[in-house]
>>> print(open('start04.cif').read())   # mmCIF, C-alpha atoms
data_entry
loop_
_atom_site.label_atom_id
_atom_site.label_comp_id
_atom_site.auth_asym_id
_atom_site.auth_seq_id
_atom_site.Cartn_x
_atom_site.Cartn_y
_atom_site.Cartn_z
CA MET S 1 47.29 72.49 -62.41
CA ASP S 2 46.78 70.97 -58.98
CA PHE S 3 44.11 68.38 -58.26
CA LEU S 4 41.73 70.69 -56.37
CA SER S 5 41.81 73.26 -59.17
CA ALA S 6 41.08 70.60 -61.78
CA VAL S 7 38.15 69.19 -59.80
CA ARG S 8 36.76 72.64 -59.13
CA GLU S 9 37.10 73.62 -62.82
CA ARG S 10 35.28 70.47 -63.95
CA LEU S 11 32.55 71.04 -61.34
CA ASN S 12 32.12 74.62 -62.59
CA ASP S 13 31.85 73.38 -66.18
CA VAL S 14 29.25 70.78 -65.23
CA ILE S 15 27.20 73.36 -63.30
CA ASN S 16 27.39 75.89 -66.14
CA TYR S 17 26.41 73.41 -68.84
CA SER S 18 23.59 71.97 -66.73
CA THR S 19 21.73 75.26 -67.16
CA LYS S 20 22.57 75.75 -70.87
CA CYS S 21 21.08 74.17 -73.96
CA GLU S 22 24.55 72.89 -74.88
CA VAL S 23 26.36 69.61 -74.37
CA LEU S 24 29.55 69.55 -72.33
CA MET S 25 32.50 67.65 -73.81
CA LYS S 26 30.79 66.11 -76.85
CA GLU S 27 34.18 64.69 -77.87
CA ASP S 28 34.61 62.56 -74.74
CA PRO S 29 31.61 62.39 -72.42
CA SER S 30 33.26 59.54 -70.53
CA LEU S 31 35.28 62.21 -68.69
CA ILE S 32 32.04 63.64 -67.32
CA PHE S 33 30.95 60.17 -66.23
CA HIS S 34 34.32 59.77 -64.48
CA HIS S 35 33.77 63.14 -62.78
CA TYR S 36 30.32 61.97 -61.68
CA LEU S 37 31.72 58.80 -60.11
CA CYS S 38 34.52 60.71 -58.34
CA MET S 39 32.10 63.30 -56.98
CA ARG S 40 29.70 60.57 -55.84
CA SER S 41 32.54 58.93 -53.89
CA PHE S 42 33.63 62.30 -52.51
CA ILE S 43 30.08 63.13 -51.37
CA ARG S 44 29.78 59.77 -49.61
CA ALA S 45 33.16 60.20 -47.94
CA SER S 46 32.15 63.72 -46.90
CA TYR S 47 29.02 62.32 -45.29
CA VAL S 48 31.16 60.00 -43.16
CA LEU S 49 33.59 62.81 -42.27
CA GLN S 50 30.90 64.71 -40.40
CA PHE S 51 30.94 61.96 -37.77
CA LYS S 52 34.74 61.91 -37.38
CA ALA S 53 35.05 65.22 -35.52
CA LYS S 54 34.58 63.51 -32.17
CA ARG S 55 37.49 61.13 -32.72
CA TRP S 56 39.85 63.10 -34.94
CA LYS S 57 41.22 66.60 -34.88
CA VAL S 58 42.83 68.51 -37.73
CA LYS S 59 46.33 69.64 -36.88
CA ARG S 60 46.72 73.34 -36.13
CA PRO S 61 46.88 75.79 -39.03
CA PRO S 62 50.06 77.79 -39.60
CA LYS S 63 50.47 80.87 -37.37
CA PHE S 64 50.05 83.22 -40.33
CA PRO S 65 47.63 81.49 -42.70
CA SER S 66 47.16 82.79 -46.20
CA ARG S 67 43.63 83.93 -47.09
CA LEU S 68 44.24 82.27 -50.45
CA LEU S 69 44.81 78.88 -48.79
CA GLN S 70 41.67 79.37 -46.72
CA GLY S 71 39.56 79.27 -49.88
CA SER S 72 35.84 79.65 -49.30
CA LEU S 73 36.04 78.80 -45.61
CA SER S 74 35.30 81.12 -42.71
CA ASP S 75 37.99 81.53 -40.04
CA GLU S 76 36.14 79.07 -37.79
CA GLU S 77 35.77 76.51 -40.60
CA TYR S 78 39.45 76.92 -41.48
CA ARG S 79 40.41 76.08 -37.89
CA ASN S 80 37.98 73.13 -37.80
CA PRO S 81 37.16 71.87 -41.32
CA PHE S 82 34.85 69.17 -39.92
CA LEU S 83 32.29 71.94 -39.29
CA VAL S 84 31.77 72.28 -43.04
CA PHE S 85 30.65 68.67 -43.38
CA GLU S 86 28.41 68.92 -40.31
CA LYS S 87 26.73 72.11 -41.64
CA ALA S 88 26.27 70.72 -45.15
CA PHE S 89 24.61 67.51 -44.01
CA LYS S 90 22.53 69.32 -41.43
CA GLU S 91 20.99 71.37 -44.27
CA PHE S 92 20.83 68.64 -46.95
CA THR S 93 20.71 64.85 -46.82
CA LEU S 94 23.20 62.53 -48.48
CA GLN S 95 20.47 61.62 -50.98
CA GLU S 96 19.94 65.31 -51.86
CA PHE S 97 23.66 65.75 -52.57
CA GLU S 98 23.71 62.60 -54.69
CA TYR S 99 20.59 63.71 -56.57
CA PHE S 100 22.21 67.11 -57.17
CA ASN S 101 25.31 65.40 -58.58
CA THR S 102 23.18 63.19 -60.84
CA GLN S 103 21.06 66.10 -62.06
CA ILE S 104 23.89 68.44 -62.97
CA VAL S 105 25.75 65.70 -64.83
CA TYR S 106 22.58 64.57 -66.61
CA PHE S 107 21.70 68.11 -67.73
CA SER S 108 25.28 68.93 -68.74
CA LEU S 109 25.40 65.94 -71.12
CA GLY S 110 22.29 66.84 -73.10
CA ALA S 111 20.90 69.87 -74.90
CA TYR S 112 17.86 70.24 -72.66
CA SER S 113 15.74 73.34 -72.24
CA ASP S 114 14.80 72.26 -68.70
CA GLU S 115 17.00 73.08 -65.74
CA PRO S 116 17.82 71.00 -62.68
CA GLU S 117 15.07 70.98 -60.05
CA ALA S 118 17.26 71.14 -56.96
CA ASN S 119 18.58 74.26 -55.28
CA ILE S 120 21.82 73.96 -57.22
CA VAL S 121 23.38 77.19 -55.95
CA THR S 122 23.31 76.28 -52.26
CA LEU S 123 24.35 72.68 -52.92
CA PHE S 124 27.14 73.92 -55.19
CA ILE S 125 28.42 76.27 -52.45
CA HIS S 126 28.39 73.46 -49.89
CA LEU S 127 30.21 71.14 -52.28
CA ASN S 128 32.91 73.75 -52.93
CA LYS S 129 33.36 74.29 -49.21
CA MET S 130 33.62 70.52 -48.70
CA LEU S 131 36.34 70.38 -51.37
CA ASP S 132 38.25 73.17 -49.59
CA SER S 133 37.81 71.44 -46.23
CA ALA S 134 39.01 68.10 -47.57
CA GLN S 135 42.07 69.83 -49.01
CA ILE S 136 42.82 71.45 -45.62
CA ILE S 137 42.48 68.09 -43.87
CA ARG S 138 44.74 66.48 -46.47
CA GLU S 139 47.40 69.19 -46.16
CA ARG S 140 47.42 69.59 -42.39
CA GLY S 141 46.76 65.99 -41.45
CA LEU S 142 44.80 64.51 -38.57
CA LYS S 143 45.55 63.42 -35.06
CA LYS S 144 43.41 61.10 -33.01
CA ILE S 145 41.74 62.58 -29.96
CA LYS S 146 42.75 60.50 -26.98
CA ASP S 147 39.93 58.99 -25.00
CA LYS S 148 39.61 60.52 -21.60
CA LYS S 149 39.91 57.88 -18.96
CA PRO S 150 37.57 58.40 -16.07
CA THR S 151 39.29 59.33 -12.87
CA SER S 152 38.49 57.61 -9.59
CA SER S 153 36.46 60.64 -8.48
CA GLU S 154 34.03 60.36 -11.44
#
>>> encode(input="start04.cif", output="structure tokens")
Amino acid sequence: MDFLSAVRERLNDVINYSTKCEVLMKEDPSLIFHHYLCMRSFIRASYVLQFKAKRWKVKRPPKFPSRLLQGSLSDEEYRNPFLVFEKAFKEFTLQEFEYFNTQIVYFSLGAYSDEPEANIVTLFIHLNKMLDSAQIIRERGLKKIKDKKPTSSE
């Protein structure tokens, strides 16, 4: 199983158990804590990525991209994955994403009858799109946008 699939599967488990009255991974809850820490780091890195679009550009996609490789991204987001991070953090703050991560992990580790307060569906969709975008950036690589030097006529 590749890394993205494993992360996505664990995220789905955490989301599902956060709305159930069951405890996820009773045998080894430390794995959920590890997931929490990884997702917290990923969310923080994603926040920074939204500002990198002005200096970095994702290399061109293949001429005949696979819809499967595109994941949850629109055609425009597939061409420019930085848009996903910009859209996500335009709608929600870094603190809201971190609170979402904390809430779903908290509720997945206990048999609570309450459910998370946050809009978990929209945050979950954004987080999945950010995972897909990060994978695209990782696979295609980045190139630095060269600074335009002013000409003598400017």
>>> residues_near_point(input="start04.cif", point="(30.1, 66.7, -46.0)", cutoff="12 Å", atoms="only C-alpha atoms", output="ChimeraX atom specification")
/S:39-53,81-98,123,125-134
>>> resolve_selection(input="start04.cif", expression="the PyMOL selection byres ((chain S and resi 78) around 12)", output="ChimeraX atom specification")
/S:58-62,65-77,79-84,129-130,132-137,140
>>> closest_residue(input="start04.cif", among="S:Ile104, S:Leu109, S:Leu4, S:Leu142", to="S:Ser30", atoms="all atoms listed in the file")
S:Leu109
>>> atom_distance(input="start04.cif", atom1="atom CA of S:Ala6", atom2="atom CA of S:Tyr36")
13.8 Å
>>> atom_distance(input="start04.cif", atom1="atom CA of S:Arg55", atom2="atom CA of S:Lys146")
7.8 Å
>>> residues_around(input="start04.cif", residues="stretch 13-28 of chain S", least_positions_apart="5", cutoff="12 Å", atoms="all atoms listed in the file", output="ChimeraX atom specification")
/S:6-8,33-36,39,100-121,123-125,127-128
>>> atom_distance(input="start04.cif", atom1="atom CA of S:Glu139", atom2="atom CA of S:Asn12")
23.1 Å
>>> axis_aligned_box(input="start04.cif", around="stretch 128-139 of chain S", padding_each_side="5 Å", output="lines of an AutoDock Vina configuration file")
center_x = 40.2
center_y = 70.4
center_z = -48.4
size_x = 24.5
size_y = 17.8
size_z = 19.1
>>> closest_residue(input="start04.cif", among="S:Tyr99, S:Lys54, S:Thr122, S:Pro29", to="S:Ile145", atoms="only C-alpha atoms")
S:Lys54
